[in-house]
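Input: a single structure, listed below in structure tokens.
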Amino acid sequence: MFTTIKTRLLVLATALVFITGLHSCKKDNKNAAGETENGEYAVMYSVGDNSYLLNINSLTEGKVSPVGSGIDVSTIFTWGENVIQKGRHFYFLNPTGRFSKHLYQDGKLTMVDEIPFGAFPSPYVGWSLWLDNNQVMFGPRGSNLYAIINVANMSIVKSGEFDLPSVPADHSRKVYSAFTSGNKLMISYGIYNEITKLTTDDSYLASMDLPSLGNFKVTSKDGRSAPAGPLRNGYFSQFTDNGNDYLLTHPMPFLGGNKPNMPTGFFRIKAGTDTFDSSYFFNISALTNGDNQLGVCYVGNGKAILANAKDAKNRVKVKDDWWYADMWEYLVVDVNTQKVVKKLDFPPLLNSRSAIVLDGKAYIAVNDPKADAIYVYEYDPIADTLKKGLRIEGGSDNTPILYKLN
Amino acid sequence: MQIKKILLMGILCASVFYVQGQTLNKSSIKGQVSDDQKEGIPTATIRLLPINRTQATDQKGRYDLSGLPAGNYTIQISAIGFKKIEQKISLLANQDLRQNFSMKEAQNELSNVSISGKTESRKAKEAGFAVNSIDLKPYANTTNDLNQILNRSAGVKVREQGGLGSDFEFSINGLSGGHIKFFIDGIPMESYGSGMTLNNFPVNLAERVEVYKGVVPAYLGSDALGGAVNIITKKNKGKSLDLSYSAGSFNTHRAGLTGSFTDQKTGITTNISSYYNYSDNNYYMYNNPEANALVKVPYNGKFREVAKLRRFHDDYESFMGQIEAGVSNKKWADVFVAGITYTSNYKQRQTGATQEKVIGNMTSNGHNLIPSIRYRKENLFIKGLSASVFANYSANKNTLTDTSGREFFWDGTSIPRSIGNIGSELSGEKKSIAHFTGHNVLAQLNLGYSISGNHMFNLNNNYNSSYRESYNEIDPYNHSYDKSNRLNKNITGLSYQQQVFNGKMTNNIFGKMYGLSGETFDKDGKATSNSKQYYGYGIASSYRLMPVLGIKASYEHAYRLPGLVELYGDREVVRGNPNLKPESSNNYNLGLFFDKKLGKGKIWAEASGYYRDANDYISTGQSAASNDGSYAEYSNSDGIIIRGFETEIRYDYNNLFSVLVNMTYQSAINRQQFEKGSVRKNVNYLSRVPNEPWLYGNADFSIGKDNLIGKDTRVQFNWFTQFINDYSVTWSKLGDKTTKSYIPRQFIHNATLTYSMHKGRYNVSLESRNLTNVIAYDKFKLQKPGTSFFVKLRYAISQFN
């Protein structure tokens with residue numbers, strides 16, 4: 001009954017399909033060359049819609065590739081900005097209402113613990129800081145809420161809202177950054193009008209005692225630039241030089257607070273004070289033809305590296321251009337001389353702003369659209385040298401985020 | 001061209017002879033052609049030899065050959081799917097002969113389950129399109145909705161997120177979502193509002209479903225990039241009634257009703273159609289580390305895993321009622337019907353994007369009211385010209401309530417968010433009771449012109465205008481919630497179908513014109529408008545190589561126009577991108593079909609390959625770069641290339657058993673060659689797109705016997721197994737494979753036992769789905785129901801039983 005040639009052909013065709021299917025299922029298991037499992041560093045970056053965590057032995061040579069290696073963190077760290085790292089531990093505020101602790105060791109990422117976390121309505125972390133070795137404090141993007149978690153025993157130490165009486169009626173507070181200064185906790189924030197739905201053009205600074213968070217004092221209200229601090233967790237914005245604290249403002253559209261008429265610059269909080277120094281504002285936009293900048297890192301001696309969105313006013317047509325227009329450049333600025341010291345010698349770059357600093361040298365992930373891969377460059381501000389190092393293959397979308405693990 | 005000229009000449013000559021002969025010949029033959037159920041067969045061909053007069057029967061199967069000279073004739077009657085009738089007739093002078101014919105279905109000796117109703121199916125199939133034409137009669141006693149039936153079909157994958165009424169993604173040959181358009185009797189389903197979907201439409205209400213893959217006929221006027229589904233309902237079927245009710249696991253109740261009758265006095269025909277669905281959907285959620293889907297509940301400030309817990313906030317209820325009344329076979333109209341449809345639905349939401357996010361309070365509900373008119377006339381003004389017009393207006397109201405400031409867990413417990421229950425469950429930030437009101441106007445005109453049955457022209461025009469506005473009840477004066485906008489689509493399709501080489505070859509050539517215009521209104525009521533136009537085209541051909549074997553090939557350059565929100569944004573979470581291009585695709589199909597009778601059995605097989613070259617995909621992406629969490633913007637990306645192969649083999653034996661096996665393989669590969677904004681090669685260039693099933697198949701076995709327990713009864717047993725191979729949720733070649741998430745390989749078994757009495761008038765069915773309680777997933781971390789049982793009672797009187 002089934003012996004016609006045509007039937008046989010059909011069966012054969014079906015079998016062929018199966019074989020082709022199984023063949024294409026084979027996975028490519030080769031590892032990137034020269035990689036051991038417990039490197040000093042790690043990198044997390046996205047390839048299309050997925051993200052990978054890879055081990056790095058050296059930032060100055062070799063290569064890493066996600067092909068067949070690395071941890072696929074796409075379904076673990078579902079929101080990159082919610083990752084907080086310390087040493088070999090990665091902490092993650094899962095937008096589904098959990099806070100988890102993961103250990104990255106021997107090429108494996110193991111969930112150590114996970115607790116229910118319902119303290120924030122918004123699932124996006126806007127800022128974070130370590131109060132000590134075990135206590136991490138963080139808050140949602142553009143909100144007055146905070147939480148403190150003891151990661152040693154994974155318990156919520158405290159959660160709530162910063163001082164409410166200091167917020168005018170029909171307004172709310174949007175905290176942009178938090179840092180410690182001496183034995184005080186400082187927060188910089190903006191005030192949002194719930195009626196007009198607008199954030200005011202002032203930058204506020206407040207101080208409070210640690211660990212009680214009591215003795216809340218609004219110390220400054222400053223209209224020279226806003227918002228003070230970034231809106232997103234993991235963006236560099238604050239450092240201390242010579243005892244003075246410096247805080248970068250983020251008026252940049254889309255990636256920042258969208259205050260197109262305000263300049264990007266540094267506020268200073270002089271050593272021993274808790275207010276914005278009214279005699280100091282390092283206006284970087286004024287030196288860069290009105291451009292806005294994002295923070296990259298602090299390299300010592302008053303020098304910081306910033307990523308400049310050159311001529312974004314004309315280059316950005318659609319939202320994606322903030323990432324994919326080749327308009328970015330690295331600038332070295334000096335907060336003491338208030339000068340742009342140097343533009344690092346790169347062609348126009350795609351958005352990249354991640355760096356780690358080791359022994360005064362900056363290791364920057366550089367996304368040159370004309371290069372064959374993303375590379376880590378070593379910038380030595382003393383010797384004023386720029387060296388091409390680790391090759392990061394496959395990176396597509398966001399800047400690779402570099403981590404120092406030890 | 002030559003052929004057309006000869007034909008045209010022939011037609012002219014025939015007309016001249018016809019006019020001349022009329023004065024001399026006064027005899028006539030008239031009557032009705034019907035099937036063995038006494039139901040008229042429309043468009044049967046009557047041929048009178050030797051004078052070679054032909055005529056097609058009307059909607060009721062009637063014919064009328066007048067002006068005939070006296071003499072001896074041979075009358076031939078043919079209709080697709082029926083055995084040809086040939087009879088000798090003697091006609092006297094001035095005689096008005098009445099002659100009715102009753103046609104027998106072709107292969108009538110075979111199982112009524114497998115063959116009957118295939119007539120229409122085959123017609124569509126052989127027109128060259130890659131189409132699955134699924135006769136729903138064999139499923140009428142099951143508790144399935146259309147999704148579940150179509151999911152058994154080669155090349156089709158329906159990925160459901162849960163139980164009855166859950167969200168689903170329908171894909172045809174690897175293209176899904178907005179790429180696929182749905183129709184009811186040729187009317188775009190979206191014009192009926194959101195109340196009617198493939199997952200609540202019970203199988204009893206429809207007669208058959210056509211799934212067009214990649215290449216969509218011009219008469220389905222829509223911007224379907226990847227294919228279309230057309231549901232053909234039971235309408236104008238004389239006197240019929242089909243009434244069913246089923247109940248089963250998870251407190252599921254479903255009822256369906258369809259019927260039509262004609263009042264003899266007034267000649268008014270009334271069609272009614274209605275369904276009701278309800279389910280608690282409180283099936284068990286299982287802790288399943290294999291699929292990386294854990295069920296965790298809080299315990300002393302931490303989490304602990306629990307083996308299984310019932311869903312607790314997933315009720316679903318939907319209702320549809322439709323009544324149509326009208327007249328048929330009038331001088332001015334073959335059919336003129338006015339109708340009204342009402343749909344309502346209520347749905348609780350249980351999970352967020354994955355089951356890790358448990359939702360315990362959020363609900364949505366909607367109401368749609370849709371008046372409509374339908375008009376059809378054959379031989380309008382001139383012979384062979386037919387026209388049909390459809391118009392409807394739908395008024396929609398939908399409400400989405402998300403006001404709980406609590407965090408829920410799988411055991412049903414919840415904790416308040418730290419400061420006074422702030423925020424909402426799904427969107428996080430703000431509580432909302434969002435009201436969406438809108439309306440949709442659809443007007444469709446279809447003109448067909450047929451020359452000698454072998455050449456057909458069809459012109460279709462679809463005008464669709466939709467308007468939507470919204471406000472948040474909790475924050476009514478906040479205009480940032482306004483999302484008022486209007487979108488008009490005007491799609492015109494023109495096709496020419498020819499049959500040549502004695503009907504062995506069919507060609508269908510078509511072109512489509514897509515027009516798009518829209519308006520958005522800002523908070524001050526100021527309008528911004530935009531309009532665009534695009535052209536698509538295609539061809540579908542089939543050729544019968546030998547009586548048992550045929551080949552078909554089709555191609556379309558198709559478009560999917562950007563939607564309202566994609567173009568203009570919604571001012572809340574999506575920002576408009578007026579630079580969006582429509583998605584376009586070049587779709588190719590090539591297939592072989594084979595059917596042969598083998599003794600008392602019949603084998604039928606089809607194998608086809610397909611290729612989709614889809615460009616300018618519109619997507620928001622999920623990465624931090626393309627979606628920053630505060631709002632998204634749609635943009636065009638490079639799209640994908642899909643190569644696939646599907647095959648289906650079926651064997652029926654003598655009304656006793658039938659076996660069907662199909663298998664689909666598809667490889668959708670990423671066509672983005674370079675990283676966005678750079679000259680760097682994309683590491684995933686030509687890699688298989690993740691999170692899409694790429695190998696799946698179905699096996700269906702039925703066995704049944706008539707008169708086993710009493711006269712006019714039938715016992716029928718059906719076993720159906722579905723197979724989906726495992727697939728990676730993310731790019732399979734990236735990352736250490738031990739760290740990757742997979743949708744596990746699944747074999748899901750279902751069985752139905754039906755007992756029918758009184759020639760199928762009374763039916764009782766017992767059905768079990770997912771018999772072996774496989775923990776099933778179509779989407780990552782969204783578990784589907786385990787084993788369930790249903791009983792269904794059905795009463796049916798019509799020609800269908």
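Following the order of the structure tokens, first chain is A, next is B, and so on, with residues numbered from 1 inside each chain and ligands from 1 in the order they appear.
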
Report as a PyMOL selection string: the residues of region 336-570 of chain B with a DSSP assignment of strand (DSSP E), based on the backbone of this structure. chain B and resi 336-348+363-377+385-402+406-408+414-416+432-451+455-472+485-500+505-521+527-546+549-560

Using only C-alpha atoms, select each residue of chain A with any atom at most 6 Å away from an atom of chain B, and give the selection as a list of chain:residue names. A:Lys27, A:Asp28, A:Asp49, A:Pro66, A:Val67, A:Gly68, A:Ser69, A:Gly70, A:Ile71, A:Asp72, A:Thr96, A:Ile115, A:Gly118, A:Ala119, A:Pro121, A:Ser122, A:Tyr324, A:Pro369, A:Lys370, A:Asp372, A:Gly394, A:Ser396, A:Asn398

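Counting only C-alpha atoms, the residue from A:Arg141, A:Lys217, A:Lys339, A:Arg315 that sits nearest to Gly265 (chain A) is A:Lys339.
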
Test item: residues at most 9 Å from Lys181 (chain B), only C-alpha atoms, excluding those fewer than 5 positions along its chain, as a list in words: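 Neighbouring residues, sequence-local ones excluded: Pro188, Met189, Glu190, Ser222, Asp223, Ala224, Leu225, Gly226, Gly227, Ala228, Val229 and Asn230 of chain B.
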
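With CA of Ser171 (chain B) on one side and CA of Lys157 (chain B) on the other, the separation reads 5.2 Å.
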
Choose the residue, out of B:Lys308, B:Lys779, B:Lys504, B:Arg671, that has the smallest atom-to-atom separation from Glu169 (chain B); count only C-alpha atoms.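 Looking only at the distances to Glu169 (chain B), the closest residue turns out to be B:Lys779.
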
Polymer residues at most 7 Å from Ser354 (chain A), only C-alpha atoms, same-chain spacing of 6 or more positions, as a list in words: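 Everything that qualifies: Val296, Ile364, Ala365, Thr399, Pro400, Ile401 and Leu402 of chain A.
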
note - CA of Asn144 (chain A) and CA of Ser188 (chain A) are separated by 10.8 Å

May I have the residues within 10 Å of Ser278 (chain A) as a list of chain:residue names, using only C-alpha atoms and disregarding those fewer than 2 positions away in the same chain? A:Ser220, A:Asp222, A:Arg224, A:Phe267, A:Arg268, A:Ile269, A:Thr275, A:Phe276, A:Tyr280, A:Phe281

Output the selection as a JSON list (two decimals), in the first residue's frame - C-alpha atoms for each residue.
```json
[["chain", "number", "residue", "atom", "x", "y", "z"],
["A", 220, "SER", "CA", 21.88, 73.65, 49.02],
["A", 222, "ASP", "CA", 21.47, 75.68, 43.16],
["A", 224, "ARG", "CA", 23.40, 76.63, 37.81],
["A", 267, "PHE", "CA", 29.57, 71.07, 41.48],
["A", 268, "ARG", "CA", 32.09, 71.14, 44.29],
["A", 269, "ILE", "CA", 31.48, 70.42, 47.97],
["A", 275, "THR", "CA", 26.97, 72.61, 50.58],
["A", 276, "PHE", "CA", 27.56, 73.22, 46.90],
["A", 280, "TYR", "CA", 32.76, 76.98, 42.00],
["A", 281, "PHE", "CA", 31.06, 75.47, 38.98]]
```

Out of B:Pro785, B:Gly493, B:Gly609, B:Gly162, which residue has the shortest atom-to-atom distance to Gln444 (chain B) when counting only C-alpha atoms? B:Gly493

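Contact shell of Gln105 (chain A) at 10 Å (only C-alpha atoms; same-chain neighbours under 4 positions omitted): A:Glu37, A:Asn38, A:Gly39, A:Asn55, A:Arg88, A:His89, A:Leu109, A:Thr110, A:Leu405.
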
From B:Leu487, B:Ser240, B:Ala395, B:Gln783, residue lying nearest Ser166 (chain B) [only C-alpha atoms]: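 Among the listed residues, the smallest separation from Ser166 (chain B) belongs to B:Gln783.
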
Nearby residues (only C-alpha atoms) at most 12 Å from Glu81 (chain A), same-chain spacing under 6 positions excluded, as an mmCIF file with N, CA and C atoms, in the first residue's frame:
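Below is the file that was written, out.cif:
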```cif
data_model
loop_
_atom_site.group_PDB
_atom_site.id
_atom_site.type_symbol
_atom_site.label_atom_id
_atom_site.label_comp_id
_atom_site.auth_asym_id
_atom_site.auth_seq_id
_atom_site.Cartn_x
_atom_site.Cartn_y
_atom_site.Cartn_z
ATOM 1 N N MET A 44 30.692 42.337 31.269
ATOM 2 C CA MET A 44 29.322 41.947 30.928
ATOM 3 C C MET A 44 28.880 42.844 29.778
ATOM 4 N N TYR A 45 28.390 42.215 28.742
ATOM 5 C CA TYR A 45 27.933 43.036 27.625
ATOM 6 C C TYR A 45 26.844 42.340 26.841
ATOM 7 N N TYR A 91 25.000 41.338 42.791
ATOM 8 C CA TYR A 91 23.682 41.469 43.407
ATOM 9 C C TYR A 91 22.732 42.021 42.364
ATOM 10 N N PHE A 92 21.513 41.578 42.457
ATOM 11 C CA PHE A 92 20.584 41.972 41.404
ATOM 12 C C PHE A 92 19.198 42.240 41.978
ATOM 13 N N LEU A 93 18.674 43.420 41.686
ATOM 14 C CA LEU A 93 17.280 43.691 42.026
ATOM 15 C C LEU A 93 16.447 43.265 40.828
ATOM 16 N N ASN A 94 15.790 42.117 40.981
ATOM 17 C CA ASN A 94 14.969 41.590 39.902
ATOM 18 C C ASN A 94 13.687 42.420 39.806
ATOM 19 N N PRO A 95 13.396 42.958 38.623
ATOM 20 C CA PRO A 95 12.176 43.767 38.481
ATOM 21 C C PRO A 95 10.896 43.024 38.885
ATOM 22 N N PRO A 123 10.764 49.252 39.152
ATOM 23 C CA PRO A 123 11.744 48.178 39.179
ATOM 24 C C PRO A 123 13.157 48.602 38.774
ATOM 25 N N TYR A 124 13.388 49.880 38.488
ATOM 26 C CA TYR A 124 14.696 50.277 37.957
ATOM 27 C C TYR A 124 15.538 50.999 39.003
ATOM 28 N N VAL A 125 16.733 50.472 39.224
ATOM 29 C CA VAL A 125 17.622 51.079 40.216
ATOM 30 C C VAL A 125 18.237 52.341 39.618
ATOM 31 N N GLY A 126 18.147 53.436 40.365
ATOM 32 C CA GLY A 126 18.668 54.705 39.865
ATOM 33 C C GLY A 126 20.027 55.045 40.448
ATOM 34 N N TRP A 127 20.305 54.583 41.663
ATOM 35 C CA TRP A 127 21.588 54.870 42.302
ATOM 36 C C TRP A 127 21.878 53.794 43.344
ATOM 37 N N SER A 128 23.148 53.621 43.677
ATOM 38 C CA SER A 128 23.507 52.675 44.734
ATOM 39 C C SER A 128 24.830 53.084 45.348
ATOM 40 N N PHE A 138 20.453 51.474 48.074
ATOM 41 C CA PHE A 138 20.093 51.832 46.702
ATOM 42 C C PHE A 138 18.665 52.366 46.654
ATOM 43 N N GLY A 139 18.343 53.003 45.559
ATOM 44 C CA GLY A 139 16.996 53.554 45.399
ATOM 45 C C GLY A 139 16.564 53.480 43.948
ATOM 46 N N PRO A 140 15.251 53.566 43.720
ATOM 47 C CA PRO A 140 14.765 53.514 42.340
ATOM 48 C C PRO A 140 15.050 54.817 41.599
ATOM 49 N N ARG A 141 14.996 54.719 40.297
ATOM 50 C CA ARG A 141 15.260 55.880 39.453
ATOM 51 C C ARG A 141 14.217 56.981 39.705
ATOM 52 N N LEU A 231 20.917 59.704 36.335
ATOM 53 C CA LEU A 231 19.595 59.151 36.641
ATOM 54 C C LEU A 231 19.634 57.633 36.718
ATOM 55 N N ARG A 232 20.769 57.084 36.334
ATOM 56 C CA ARG A 232 20.831 55.629 36.194
ATOM 57 C C ARG A 232 21.938 55.055 37.051
ATOM 58 N N ASN A 233 21.677 53.880 37.593
ATOM 59 C CA ASN A 233 22.672 53.214 38.415
ATOM 60 C C ASN A 233 23.844 52.766 37.554
ATOM 61 N N GLY A 234 25.038 52.931 38.091
ATOM 62 C CA GLY A 234 26.220 52.448 37.405
ATOM 63 C C GLY A 234 26.914 53.508 36.579
ATOM 64 N N TYR A 235 26.281 54.687 36.467
ATOM 65 C CA TYR A 235 26.935 55.772 35.732
ATOM 66 C C TYR A 235 27.827 56.530 36.704
ATOM 67 N N ASN A 398 25.089 47.827 24.009
ATOM 68 C CA ASN A 398 25.522 48.671 25.089
ATOM 69 C C ASN A 398 27.025 48.565 25.262
ATOM 70 N N THR A 399 27.589 49.502 25.967
ATOM 71 C CA THR A 399 29.005 49.423 26.292
ATOM 72 C C THR A 399 29.250 48.200 27.136
ATOM 73 N N ILE A 401 30.493 46.439 30.222
ATOM 74 C CA ILE A 401 30.769 46.941 31.566
ATOM 75 C C ILE A 401 31.884 46.086 32.154
ATOM 76 N N SER B 623 16.956 45.304 24.731
ATOM 77 C CA SER B 623 18.196 45.644 25.417
ATOM 78 C C SER B 623 18.085 47.033 26.012
ATOM 79 N N ALA B 624 18.995 47.317 26.913
ATOM 80 C CA ALA B 624 18.968 48.605 27.600
ATOM 81 C C ALA B 624 19.097 49.742 26.600
ATOM 82 N N ALA B 625 19.819 49.492 25.511
ATOM 83 C CA ALA B 625 20.033 50.563 24.550
ATOM 84 C C ALA B 625 18.753 50.925 23.826
ATOM 85 N N ASP B 628 14.869 51.961 27.410
ATOM 86 C CA ASP B 628 15.508 52.365 28.659
ATOM 87 C C ASP B 628 14.607 52.213 29.863
ATOM 88 N N GLY B 629 13.442 51.605 29.669
ATOM 89 C CA GLY B 629 12.587 51.364 30.821
ATOM 90 C C GLY B 629 11.586 52.482 31.026
#
```

Considering only C-alpha atoms, can you say which of A:Tyr176, A:Leu198, A:Ala147, A:Ala152 comes closest to Asn133 (chain A)? A:Ala152

Just the number, please: distance in Å from CA of Arg468 (chain B) to CA of Arg486 (chain B), one decimal. 6.5 Å

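If only C-alpha atoms are the atoms counted, then among A:Gly190, A:Gly295, A:Gly87, A:Gly302 the closest residue to Glu329 (chain A) is A:Gly295.
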